[in-house]
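Structure file upload.cif; described as mmCIF, C-alpha atoms.
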```
data_structure
#
loop_
_atom_site.label_atom_id
_atom_site.label_comp_id
_atom_site.auth_asym_id
_atom_site.auth_seq_id
_atom_site.Cartn_x
_atom_site.Cartn_y
_atom_site.Cartn_z
CA MET A 5 -37.08 -0.67 0.94
CA SER A 6 -36.69 3.10 1.23
CA ASN A 7 -34.14 4.60 3.62
CA CYS A 8 -36.06 7.89 3.86
CA GLY A 9 -38.02 6.71 6.89
CA SER A 10 -35.16 4.86 8.59
CA LYS A 11 -33.20 6.10 11.58
CA ARG A 12 -30.07 6.61 9.51
CA LYS A 13 -30.34 9.60 7.16
CA LEU A 14 -28.31 10.28 4.05
CA CYS A 15 -27.57 13.81 5.21
CA ASP A 16 -26.07 12.46 8.43
CA LEU A 17 -22.99 11.78 6.28
CA GLY A 18 -22.76 15.46 5.36
CA THR A 19 -21.49 18.60 7.03
CA GLY A 20 -24.76 19.64 8.64
CA GLU A 21 -25.05 22.70 6.42
CA VAL A 22 -28.51 23.85 5.30
CA VAL A 23 -29.30 25.19 1.82
CA HIS A 24 -32.05 27.78 1.38
CA LEU A 25 -33.44 28.74 -2.03
CA ILE A 26 -35.74 31.68 -2.88
CA SER A 27 -36.98 32.49 -6.38
CA TYR A 28 -38.73 35.67 -7.59
CA ARG A 29 -40.27 36.67 -10.93
CA ALA A 30 -40.99 40.27 -12.01
CA LYS A 31 -44.48 41.59 -12.68
CA GLU A 32 -45.25 42.38 -16.28
CA GLY A 33 -43.98 45.88 -17.07
CA MET A 34 -41.81 46.02 -13.92
CA VAL A 35 -38.70 44.23 -15.19
CA ASP A 36 -36.37 47.25 -15.11
CA GLU A 37 -37.31 48.18 -11.55
CA PHE A 38 -37.11 44.51 -10.54
CA GLU A 39 -33.59 44.22 -12.00
CA ARG A 40 -32.42 47.30 -10.11
CA ILE A 41 -33.72 46.01 -6.78
CA VAL A 42 -32.40 42.45 -7.19
CA GLN A 43 -28.98 43.79 -8.19
CA GLU A 44 -28.80 45.77 -4.95
CA THR A 45 -30.20 42.83 -2.96
CA ALA A 46 -27.67 40.43 -4.47
CA HIS A 47 -24.85 42.80 -3.59
CA CYS A 48 -26.01 42.75 0.03
CA MET A 49 -26.41 38.97 0.07
CA TYR A 50 -22.86 38.45 -1.16
CA HIS A 51 -21.55 40.39 1.83
CA LEU A 52 -23.37 38.33 4.48
CA GLN A 53 -20.78 36.38 6.47
CA ALA A 54 -21.95 35.34 9.94
CA GLY A 55 -23.41 31.81 9.99
CA ILE A 56 -23.18 31.53 6.19
CA SER A 57 -20.76 29.33 4.25
CA ASP A 58 -21.81 30.13 0.67
CA VAL A 59 -23.98 32.57 -1.32
CA ARG A 60 -24.99 32.11 -4.98
CA VAL A 61 -27.36 34.21 -7.05
CA CYS A 62 -28.74 32.64 -10.23
CA HIS A 63 -30.05 35.02 -12.93
CA PRO A 64 -31.83 32.84 -15.53
CA LYS A 65 -33.01 35.86 -17.52
CA CYS A 66 -34.13 39.43 -17.01
CA GLY A 67 -37.11 39.42 -14.68
CA GLU A 68 -36.12 36.24 -12.82
CA ILE A 69 -33.77 35.72 -9.87
CA VAL A 70 -32.90 32.83 -7.57
CA PHE A 71 -31.02 33.33 -4.29
CA ILE A 72 -29.20 30.21 -3.02
CA LEU A 73 -27.67 30.52 0.44
CA THR A 74 -25.90 27.86 2.50
CA PHE A 75 -26.00 28.17 6.29
CA LEU A 76 -23.95 26.45 8.97
CA SER A 77 -27.10 25.32 10.75
CA ASN A 78 -30.87 25.43 10.65
CA GLU A 79 -30.78 28.00 13.46
CA ASP A 80 -28.69 30.34 11.29
CA MET A 81 -31.16 29.94 8.43
CA GLN A 82 -34.11 30.77 10.69
CA LYS A 83 -32.40 33.97 11.82
CA PHE A 84 -31.86 34.90 8.17
CA LYS A 85 -35.52 34.28 7.34
CA GLN A 86 -36.62 36.50 10.20
CA GLY A 87 -34.25 39.31 9.21
CA PRO A 88 -32.54 39.85 5.81
CA GLU A 89 -35.06 37.69 3.91
CA GLN A 90 -37.99 39.76 5.18
CA ASP A 91 -36.15 42.97 4.26
CA ALA A 92 -35.56 41.67 0.73
CA ALA A 93 -39.18 40.52 0.39
CA LEU A 94 -40.42 43.95 1.46
CA ALA A 95 -38.18 45.70 -1.09
CA LEU A 96 -39.38 43.38 -3.89
CA ALA A 97 -43.06 43.12 -2.93
CA SER A 98 -44.32 45.82 -5.33
CA VAL A 99 -42.43 44.52 -8.39
CA VAL A 100 -42.83 40.72 -8.19
CA GLU A 101 -45.69 38.43 -9.17
CA GLY A 102 -48.09 37.92 -6.27
CA GLY A 103 -45.95 40.12 -4.05
CA GLU A 104 -44.00 37.07 -2.83
CA PRO A 105 -41.52 34.41 -3.99
CA VAL A 106 -42.75 32.09 -6.73
CA TYR A 107 -40.79 29.30 -5.09
CA ALA A 108 -38.92 28.78 -1.81
CA THR A 109 -37.49 25.68 -0.18
CA SER A 110 -34.66 24.56 2.08
CA GLY A 111 -32.92 21.36 3.14
CA CYS A 112 -29.64 19.73 4.09
CA LEU A 113 -26.62 20.08 1.83
CA MET A 114 -26.57 16.64 0.23
CA PRO A 115 -23.21 14.88 0.77
CA ALA A 116 -21.15 13.17 -1.91
CA ALA A 117 -22.13 9.75 -0.54
CA HIS A 118 -21.17 6.48 -2.20
CA THR A 119 -23.59 3.91 -3.49
CA LEU A 120 -22.28 0.34 -3.22
CA PRO A 121 -21.24 0.29 -6.92
CA SER A 122 -19.38 3.61 -6.62
CA LEU A 123 -17.66 2.46 -3.42
CA LEU A 124 -16.49 -0.74 -5.11
CA ALA A 125 -15.23 1.30 -8.07
CA PHE A 126 -13.24 3.51 -5.68
CA LEU A 127 -11.76 0.49 -3.89
CA LYS A 128 -10.71 -1.08 -7.20
CA ARG A 129 -8.90 2.14 -8.18
CA SER A 130 -7.34 2.77 -4.78
CA ILE A 131 -6.26 -0.53 -3.23
CA SER A 132 -3.23 -2.46 -4.43
CA GLY A 133 -0.11 -4.00 -2.97
CA THR A 134 0.75 -7.12 -1.02
CA ASN A 135 0.44 -5.91 2.59
CA PHE A 136 -1.07 -3.21 4.78
CA ALA A 137 2.03 -0.99 4.51
CA CYS A 138 1.05 -0.29 0.88
CA HIS A 139 -2.32 1.23 1.74
CA LYS A 140 -3.55 4.78 2.23
CA VAL A 141 -5.53 3.72 5.26
CA GLY A 142 -7.10 7.08 6.12
CA LYS A 143 -8.21 7.80 2.57
CA VAL A 144 -9.88 4.40 2.19
CA LYS A 145 -11.46 4.63 5.65
CA GLU A 146 -12.93 8.04 4.82
CA GLN A 147 -14.45 6.82 1.56
CA ILE A 148 -15.93 3.72 3.19
CA LYS A 149 -17.39 6.02 5.85
CA ASN A 150 -19.06 7.97 3.02
CA TRP A 151 -21.02 4.95 1.86
CA PHE A 152 -24.76 5.20 2.55
CA PRO A 153 -26.00 1.58 2.70
CA ARG A 154 -29.33 0.98 1.03
CA ARG A 155 -31.03 -2.33 1.79
CA GLU A 156 -31.86 -2.96 -1.86
CA GLU A 157 -28.12 -2.81 -2.69
CA TYR A 158 -26.89 -5.35 -0.17
CA GLU A 159 -29.94 -7.52 0.51
CA LYS A 160 -28.91 -10.17 -2.03
CA TYR A 161 -25.73 -10.77 -0.01
CA ILE A 162 -27.63 -11.58 3.20
CA HIS A 163 -27.58 -15.33 3.80
CA TRP A 164 -27.89 -17.16 7.12
CA ASP A 165 -26.84 -20.62 8.27
CA GLN A 166 -30.18 -22.40 8.44
CA GLN A 167 -28.66 -25.42 10.26
CA ASP A 168 -27.03 -23.25 12.92
CA PRO A 169 -28.61 -19.77 13.02
CA LYS A 170 -26.25 -18.75 15.83
CA LYS A 171 -23.28 -18.72 13.46
CA TYR A 172 -22.30 -15.58 11.64
CA THR A 173 -21.76 -15.93 7.89
CA ARG A 174 -19.27 -14.63 5.35
CA ASN A 175 -20.70 -13.51 2.01
CA LEU A 176 -18.39 -12.45 -0.81
CA ILE A 177 -19.36 -9.27 -2.67
CA PHE A 178 -16.19 -8.70 -4.71
CA ALA A 179 -12.67 -10.11 -4.99
CA ASN A 180 -9.53 -9.45 -6.99
CA GLU A 181 -5.81 -10.03 -6.44
CA PHE A 182 -5.62 -7.09 -4.02
CA MET A 183 -8.69 -7.44 -1.81
CA ASP A 184 -11.82 -9.30 -0.77
CA VAL A 185 -15.01 -7.39 0.05
CA LEU A 186 -17.46 -9.26 2.26
CA LEU A 187 -20.82 -8.78 3.92
CA MET A 188 -20.78 -10.34 7.38
CA CYS A 189 -24.15 -11.32 8.84
CA TRP A 190 -24.16 -11.37 12.65
CA PRO A 191 -27.01 -13.09 14.53
CA PRO A 192 -28.00 -11.70 17.95
CA GLY A 193 -25.40 -12.51 20.60
CA CYS A 194 -22.80 -13.64 18.04
CA VAL A 195 -19.05 -13.26 18.78
CA SER A 196 -16.10 -13.87 16.46
CA ALA A 197 -12.83 -15.39 17.58
CA ILE A 198 -10.01 -13.04 18.58
CA HIS A 199 -7.85 -12.99 15.49
CA SER A 200 -5.00 -11.32 13.65
CA HIS A 201 -4.86 -10.39 9.96
CA ASP A 202 -1.34 -11.46 8.91
CA GLU A 203 -0.29 -9.07 6.11
CA SER A 204 -3.77 -7.68 5.44
CA SER A 205 -5.50 -4.42 6.18
CA CYS A 206 -8.97 -4.87 7.64
CA TRP A 207 -11.55 -2.13 7.23
CA VAL A 208 -14.93 -2.66 8.90
CA ALA A 209 -18.02 -0.58 8.15
CA LEU A 210 -21.38 -0.82 9.85
CA VAL A 211 -24.21 -1.60 7.44
CA GLU A 212 -27.15 -2.21 9.75
CA GLY A 213 -27.73 -2.84 13.45
CA GLU A 214 -24.86 -2.45 15.93
CA VAL A 215 -21.69 -4.34 16.80
CA TYR A 216 -18.66 -3.81 19.03
CA GLU A 217 -15.07 -4.04 17.91
CA VAL A 218 -12.75 -5.03 20.76
CA GLN A 219 -9.02 -4.52 20.11
CA TYR A 220 -6.20 -6.21 21.99
CA THR A 221 -2.45 -5.72 21.97
CA MET A 222 -0.57 -8.19 19.80
CA PRO A 223 0.71 -10.72 22.36
CA LYS A 224 4.16 -12.25 22.47
CA MET A 225 4.37 -15.86 21.29
CA ASP A 226 6.70 -18.37 22.95
CA ILE A 227 9.74 -19.75 21.14
CA GLN A 228 8.13 -23.18 20.77
CA PHE A 229 5.20 -21.71 18.84
CA ILE A 230 7.48 -19.62 16.61
CA GLU A 231 9.52 -22.71 15.74
CA LYS A 232 6.36 -24.73 15.05
CA GLU A 233 5.03 -21.97 12.80
CA MET A 234 8.24 -21.99 10.78
CA LYS A 235 7.84 -25.72 10.19
CA ASN A 236 4.07 -25.66 9.83
CA PRO A 237 2.99 -22.17 8.69
CA THR A 238 -0.71 -23.01 8.63
CA GLY A 239 -1.09 -25.47 11.48
CA ALA A 240 1.03 -24.43 14.46
CA VAL A 241 -0.46 -24.37 17.96
CA GLY A 242 1.14 -22.90 21.05
CA ARG A 243 1.08 -20.32 23.81
CA CYS A 244 1.22 -16.56 24.08
CA THR A 245 1.03 -13.89 26.74
CA ARG A 246 -2.41 -13.01 28.06
CA LEU A 247 -4.30 -10.59 25.87
CA ARG A 248 -4.81 -7.03 27.03
CA VAL A 249 -7.74 -4.92 25.80
CA ILE A 250 -6.58 -1.59 24.36
CA GLY A 251 -9.85 -0.29 23.00
CA GLU A 252 -13.51 -0.94 22.39
CA THR A 253 -15.57 0.78 19.71
CA LYS A 254 -19.33 0.61 19.37
CA LEU A 255 -20.35 0.71 15.73
CA SER A 256 -23.92 1.96 15.45
CA GLN A 257 -25.99 4.58 13.69
CA ASP A 258 -25.50 6.92 16.65
CA THR A 259 -21.77 6.38 17.23
CA ALA A 260 -18.79 5.39 15.08
CA SER A 261 -19.60 3.76 11.76
CA GLY A 262 -16.26 2.13 10.97
CA ALA A 263 -13.02 0.65 12.28
CA TYR A 264 -9.62 -0.44 11.01
CA ALA A 265 -7.09 -3.05 12.13
CA ASN A 266 -3.79 -4.54 11.09
CA ASP A 267 -1.19 -6.57 12.94
CA GLU A 268 0.88 -3.51 13.87
CA ILE A 269 -2.15 -2.09 15.68
CA GLY A 270 -3.17 -5.34 17.37
CA VAL A 271 -5.74 -8.13 17.13
CA HIS A 272 -9.49 -7.87 17.48
CA ARG A 273 -12.87 -9.50 17.59
CA ILE A 274 -16.39 -8.42 16.66
CA GLU A 275 -19.39 -8.88 18.95
CA ASN A 276 -23.09 -8.44 18.37
CA ARG A 277 -24.29 -7.81 21.92
CA SER A 278 -27.80 -6.87 20.85
CA ASP A 279 -30.93 -8.97 20.39
CA LYS A 280 -31.18 -8.02 16.71
CA PRO A 281 -29.21 -9.09 13.62
CA ALA A 282 -26.38 -6.87 12.43
CA PHE A 283 -24.49 -6.54 9.16
CA THR A 284 -20.98 -5.24 8.49
CA LEU A 285 -18.95 -4.65 5.35
CA TYR A 286 -15.40 -5.99 5.49
CA VAL A 287 -12.55 -5.07 3.18
CA TYR A 288 -9.50 -7.34 3.54
CA ALA A 289 -6.53 -6.17 1.52
CA PRO A 290 -5.00 -8.36 0.34
CA GLY A 291 -7.61 -11.08 0.81
CA LEU A 292 -7.13 -12.83 4.15
CA ARG A 293 -5.26 -16.10 3.61
CA LYS A 294 -3.70 -16.78 7.01
CA MET A 295 -4.37 -15.58 10.53
CA LYS A 296 -3.75 -16.45 14.15
CA ILE A 297 -6.57 -17.23 16.55
CA PHE A 298 -6.13 -16.28 20.21
CA LYS A 299 -7.70 -16.94 23.59
CA GLU A 300 -7.65 -14.35 26.35
CA THR A 301 -6.11 -16.95 28.66
CA GLY A 302 -2.94 -17.12 26.58
CA GLN A 303 -3.23 -19.70 23.82
CA VAL A 304 -2.69 -19.20 20.11
CA SER A 305 -3.15 -21.22 16.93
CA VAL A 306 -2.33 -20.37 13.35
CA PHE A 307 -4.01 -21.78 10.28
CA SER A 308 -4.65 -21.15 6.63
CA VAL A 309 -7.91 -19.60 5.53
CA ALA A 310 -7.12 -19.93 1.84
CA GLN A 311 -9.95 -22.40 1.47
CA VAL A 312 -12.47 -20.83 3.84
CA SER A 313 -15.95 -21.48 2.53
CA TYR A 314 -18.20 -18.52 1.93
CA MET A 315 -21.89 -18.86 2.58
CA SER A 316 -22.43 -17.01 -0.70
CA GLU A 317 -20.42 -15.45 -3.53
CA TYR A 318 -21.71 -12.51 -5.55
CA GLY A 319 -25.20 -13.01 -4.14
CA SER A 320 -25.59 -16.75 -4.78
CA LYS A 321 -25.15 -19.51 -2.19
CA THR A 322 -22.02 -21.55 -2.82
CA GLY A 323 -23.27 -24.84 -1.43
CA ASN A 324 -19.86 -25.20 0.27
CA TRP A 325 -21.05 -24.01 3.69
CA THR A 326 -21.88 -27.13 5.70
CA THR A 327 -22.70 -27.97 9.29
CA THR A 328 -18.97 -28.38 9.97
CA THR A 329 -18.02 -25.00 8.49
CA HIS A 330 -16.77 -22.57 11.11
CA PRO A 331 -17.13 -18.87 10.26
CA ASP A 332 -13.67 -18.11 11.65
CA GLY A 333 -12.20 -20.55 9.15
CA ILE A 334 -11.77 -23.39 11.63
CA LEU A 335 -13.49 -26.75 11.43
CA ASP A 336 -16.42 -26.98 13.80
CA ILE A 337 -15.21 -30.08 15.60
CA GLN A 338 -18.25 -30.40 17.85
CA ALA A 339 -20.57 -30.42 14.85
CA TRP A 340 -18.41 -32.98 13.04
CA ASN A 341 -18.23 -35.31 16.00
CA SER A 342 -21.99 -35.08 16.51
CA GLU A 343 -22.60 -36.01 12.87
CA GLN A 344 -20.13 -38.86 13.04
CA ALA A 345 -21.48 -40.28 16.30
CA GLY A 346 -20.52 -43.91 16.63
CA ARG A 347 -17.66 -43.59 14.16
CA PRO A 348 -14.06 -42.54 14.86
CA SER A 349 -13.58 -38.91 13.92
CA PRO A 350 -10.80 -38.28 11.39
CA ILE A 351 -10.11 -35.00 13.17
CA PRO A 352 -8.26 -35.40 16.47
CA SER A 353 -9.68 -33.63 19.47
CA PRO A 354 -7.59 -30.59 20.33
CA SER A 355 -7.16 -31.82 23.87
CA SER A 356 -6.10 -35.35 22.89
CA GLY A 357 -3.47 -34.69 20.26
CA PRO A 358 0.16 -33.88 21.18
CA ALA A 359 0.11 -30.78 18.91
CA ALA A 360 -2.31 -28.86 21.06
CA ALA A 361 -1.15 -26.71 23.93
CA PRO A 362 -2.84 -27.42 27.27
CA GLY A 363 -6.37 -26.05 27.24
CA LEU A 364 -6.20 -24.93 23.61
CA GLU A 365 -8.95 -25.71 21.18
CA PRO A 366 -10.41 -23.90 18.22
CA PRO A 367 -12.83 -21.16 19.21
CA PRO A 368 -16.39 -22.36 19.65
CA SER A 369 -19.07 -21.66 17.11
CA ALA A 370 -20.34 -18.12 17.35
CA LEU A 371 -22.81 -17.77 20.13
#
```

Can you turn what I pasted into structure tokens?
Amino acid sequence: MSNCGSKRKLCDLGTGEVVHLISYRAKEGMVDEFERIVQETAHCMYHLQAGISDVRVCHPKCGEIVFILTFLSNEDMQKFKQGPEQDAALALASVVEGGEPVYATSGCLMPAAHTLPSLLAFLKRSISGTNFACHKVGKVKEQIKNWFPRREEYEKYIHWDQQDPKKYTRNLIFANEFMDVLLMCWPPGCVSAIHSHDESSCWVALVEGEVYEVQYTMPKMDIQFIEKEMKNPTGAVGRCTRLRVIGETKLSQDTASGAYANDEIGVHRIENRSDKPAFTLYVYAPGLRKMKIFKETGQVSVFSVAQVSYMSEYGSKTGNWTTTTHPDGILDIQAWNSEQAGRPSPIPSPSSGPAAAPGLEPPPSAL
């Protein structure tokens, strides 16, 4: 699938500058006069300043010249073509083949945009350490922003839950000791749980479609929960203060294309509010192994995600994603109980067990 006809353009990642190229060739027997005129013209070109960010003049050999000018905008280029370019063409008309340029073209200044392989290579070189304090957040965010997603690069990582198409899926692209890189597939109307990231950095980049990132302040947990977490680091349940929204970012082709979170900034969730699928690239560094799940009403649970099942790894389905797999890393209790109808469930209902705070239950499957 080509991106050339899509709404997102490669040059949207660039500066907006426009490059204009004009090439002339001397008539036979007119090389000396041609060289004199292009030398004077080049001297003038090099002194143009307004609306121009760069001027280059390529001289392949006597009798040939190429002017390469970079403008701040297309409007600046058009003014040049109506003024200085016409003056140069008039001066050269009698000494060049056909009385006009042999070649002329213009276009956006192509950015140094990443392919998926080059982005992964950068991440491997640049991300290390055991927590978010080790990371050059801005540098990594800028490079992720400079990735131009091409469908043919990430299509093999797109896998949906056929049993429950309303669930979002996690698909592993790359992993090492310092990070996990995932493609998240978000069905229409899908919402993640509100969650923290423990010691990890979390970079999010839009791949296709649109999603919203909603950030909340990190709430205060009660003493009872803190004590439970010390005794049971991956299974504590308790209460916290009500969550307060501190920001909302729309990630789309027309707005922001990326976001970042860690536990010093706050907690967040991702929402696909549209009626179309969406895809995001996630970089967790280090790989997410524990996180807290929150409710806006003031409940919190903490659990291990060390064994979270991915829908796919490196492009191939794992076979570990079942009807009871929850994309937030929590067992889908409703699905389990439905499957085990008529038999006692080995998983206690959150509302029936003494460990659960009043009203607390794992977040529902993504809607």

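Using all atoms listed in the file, the nearest neighbour of A:Lys299 within the list A:Thr326, A:Lys254, A:Tyr220, A:Thr238 is A:Tyr220.
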
- [ ] Find, counting all atoms listed in the file, the residue in A:Ser27, A:Ile41, A:His51, A:Phe84 that gets nearest to A:Pro64.
- [x]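 Of the candidates, the smallest distance to A:Pro64 is held by A:Ser27.
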
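Picture a line from atom CA of A:Tyr28 to atom CA of A:Ala97; it runs 9.8 Å.
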
Open item on the list: Using only C-alpha atoms for the distances, tell me which of A:Asn175, A:Asn150, A:Thr327, A:Gln228 is nearest to A:Cys15.
Closed with: A:Asn150

TODO: For atom CA of A:Gly103 and atom CA of A:His24, quote the distance in Å rounded to one decimal.
DONE: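 According to the coordinates, atom CA of A:Gly103 and atom CA of A:His24 are separated by 19.4 Å.
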
TODO: Could you expand the PyMOL selection byres ((chain A and resi 305) around 6) into the explicit residues it covers here, written as number ranges by chain?
DONE: A: 240-241, 296-297, 304, 306

Any chance you can output those residues with C-alpha atoms as a tab-separated table (two decimals), in the coordinates of the input?
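The file below, out38.tsv, is the result:
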```tsv
chain	number	residue	atom	x	y	z
A	240	ALA	CA	1.03	-24.43	14.46
A	241	VAL	CA	-0.46	-24.37	17.96
A	296	LYS	CA	-3.75	-16.45	14.15
A	297	ILE	CA	-6.57	-17.23	16.55
A	304	VAL	CA	-2.69	-19.20	20.11
A	306	VAL	CA	-2.33	-20.37	13.35
```

Open item on the list: On this structure, the PyMOL selection byres ((chain A and resi 274) around 6) would catch which residues? List them as a PyMOL selection string, sorted by chain and number.
Closed with: chain A and resi 195-196+216-217+273+275

Please put the answer as AutoDock Vina command-line options: centre and edge lengths, in Å with one decimal, of a box along x, y and z that encloses all listed atoms of stretch 146-151 of chain A plus 8 Å on each side.
```
--center_x -17.0 --center_y 5.9 --center_z 3.7 --size_x 24.1 --size_y 20.3 --size_z 20.3
```

TODO: Would you kindly return, as a list in words, each protein, DNA or RNA residue with an atom no farther than 9 Å from any atom of A:Glu101, considering only C-alpha atoms and excluding same-chain residues fewer than 5 positions away?
DONE: Tyr28, Arg29, Ala30, Lys31, Glu32 and Val106 of chain A

- [ ] For stretch 57-61 of chain A, list every protein, DNA or RNA residue within 12 Å, evaluated using all atoms listed in the file, and leave out those in the same chain fewer than 5 positions away; present the list as a PyMOL selection string.
- [x] chain A and resi 19-28+42-52+68-77+80-81+113

Leaving out A:Trp190 and any residue of its chain fewer than 2 positions from it, which residues lie within 8 Å of it when counting only C-alpha atoms, given as an mmCIF file with C-alpha atoms, in the coordinates of the input?
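part.cif was written with the following content:
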```
data_model
loop_
_atom_site.group_PDB
_atom_site.id
_atom_site.type_symbol
_atom_site.label_atom_id
_atom_site.label_comp_id
_atom_site.auth_asym_id
_atom_site.auth_seq_id
_atom_site.Cartn_x
_atom_site.Cartn_y
_atom_site.Cartn_z
ATOM 1 C CA LYS A 171 -23.280 -18.720 13.460
ATOM 2 C CA TYR A 172 -22.300 -15.580 11.640
ATOM 3 C CA THR A 173 -21.760 -15.930 7.890
ATOM 4 C CA MET A 188 -20.780 -10.340 7.380
ATOM 5 C CA PRO A 192 -28.000 -11.700 17.950
ATOM 6 C CA CYS A 194 -22.800 -13.640 18.040
ATOM 7 C CA ASN A 276 -23.090 -8.440 18.370
ATOM 8 C CA PRO A 281 -29.210 -9.090 13.620
ATOM 9 C CA ALA A 282 -26.380 -6.870 12.430
ATOM 10 C CA PHE A 283 -24.490 -6.540 9.160
#
```

TODO: Kindly indicate which residue among A:Val211, A:Ile227, A:Ala92, A:Leu120 lies nearest to A:Ile177, using all atoms listed in the file for the distances.
DONE: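 Looking at the shortest contact to A:Ile177, the residue is A:Leu120.
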
- [ ] List the residues matched by the PyMOL selection byres ((chain A and resi 157) around 12) in the displayed structure as a ChimeraX atom specification, ordered by chain and then by residue number.
- [x] /A:5-7,118-123,151-156,158-162,177,187,211,318-319

- [ ] For atom CA of A:Ser204 and atom CA of A:Thr322, quote the distance in Å rounded to one decimal.
- [x]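 For atom CA of A:Ser204 relative to atom CA of A:Thr322, the distance reads 24.4 Å.
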
Final all heavy atoms of stretch 139-145 of chain A as a short mmCIF file (atom, residue, chain, number, x, y, z; two decimals), in the frame of the given file:
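Output (selection-v6.cif):
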```
data_model
loop_
_atom_site.label_atom_id
_atom_site.label_comp_id
_atom_site.auth_asym_id
_atom_site.auth_seq_id
_atom_site.Cartn_x
_atom_site.Cartn_y
_atom_site.Cartn_z
N HIS A 139 -1.00 0.63 1.86
CA HIS A 139 -2.32 1.23 1.74
C HIS A 139 -2.40 2.64 2.32
O HIS A 139 -1.74 2.94 3.32
CB HIS A 139 -3.35 0.35 2.46
CG HIS A 139 -3.40 -1.04 1.94
ND1 HIS A 139 -3.58 -2.15 2.74
CD2 HIS A 139 -3.25 -1.52 0.68
CE1 HIS A 139 -3.57 -3.24 2.01
NE2 HIS A 139 -3.36 -2.88 0.75
N LYS A 140 -3.21 3.46 1.69
CA LYS A 140 -3.55 4.78 2.23
C LYS A 140 -4.77 4.60 3.13
O LYS A 140 -5.92 4.80 2.72
CB LYS A 140 -3.83 5.76 1.09
CG LYS A 140 -2.61 6.03 0.22
CD LYS A 140 -2.93 7.00 -0.91
CE LYS A 140 -1.69 7.28 -1.75
NZ LYS A 140 -1.98 8.21 -2.88
N VAL A 141 -4.48 4.19 4.35
CA VAL A 141 -5.53 3.72 5.26
C VAL A 141 -6.59 4.79 5.50
O VAL A 141 -7.79 4.53 5.42
CB VAL A 141 -4.90 3.26 6.59
CG1 VAL A 141 -6.00 2.97 7.62
CG2 VAL A 141 -4.03 2.04 6.37
N GLY A 142 -6.16 6.01 5.81
CA GLY A 142 -7.10 7.08 6.12
C GLY A 142 -8.00 7.43 4.95
O GLY A 142 -9.21 7.65 5.13
N LYS A 143 -7.43 7.47 3.76
CA LYS A 143 -8.21 7.80 2.57
C LYS A 143 -9.29 6.76 2.31
O LYS A 143 -10.45 7.09 2.05
CB LYS A 143 -7.29 7.90 1.35
CG LYS A 143 -8.00 8.21 0.04
CD LYS A 143 -7.01 8.26 -1.12
CE LYS A 143 -7.72 8.52 -2.44
NZ LYS A 143 -6.76 8.52 -3.58
N VAL A 144 -8.91 5.47 2.42
CA VAL A 144 -9.88 4.40 2.19
C VAL A 144 -10.94 4.41 3.29
O VAL A 144 -12.14 4.27 3.01
CB VAL A 144 -9.17 3.04 2.13
CG1 VAL A 144 -10.19 1.90 2.05
CG2 VAL A 144 -8.24 2.98 0.93
N LYS A 145 -10.52 4.60 4.53
CA LYS A 145 -11.46 4.63 5.65
C LYS A 145 -12.48 5.74 5.47
O LYS A 145 -13.68 5.56 5.73
CB LYS A 145 -10.71 4.80 6.96
CG LYS A 145 -11.58 4.67 8.20
CD LYS A 145 -10.73 4.74 9.47
CE LYS A 145 -11.60 4.59 10.71
NZ LYS A 145 -10.78 4.64 11.96
#
```
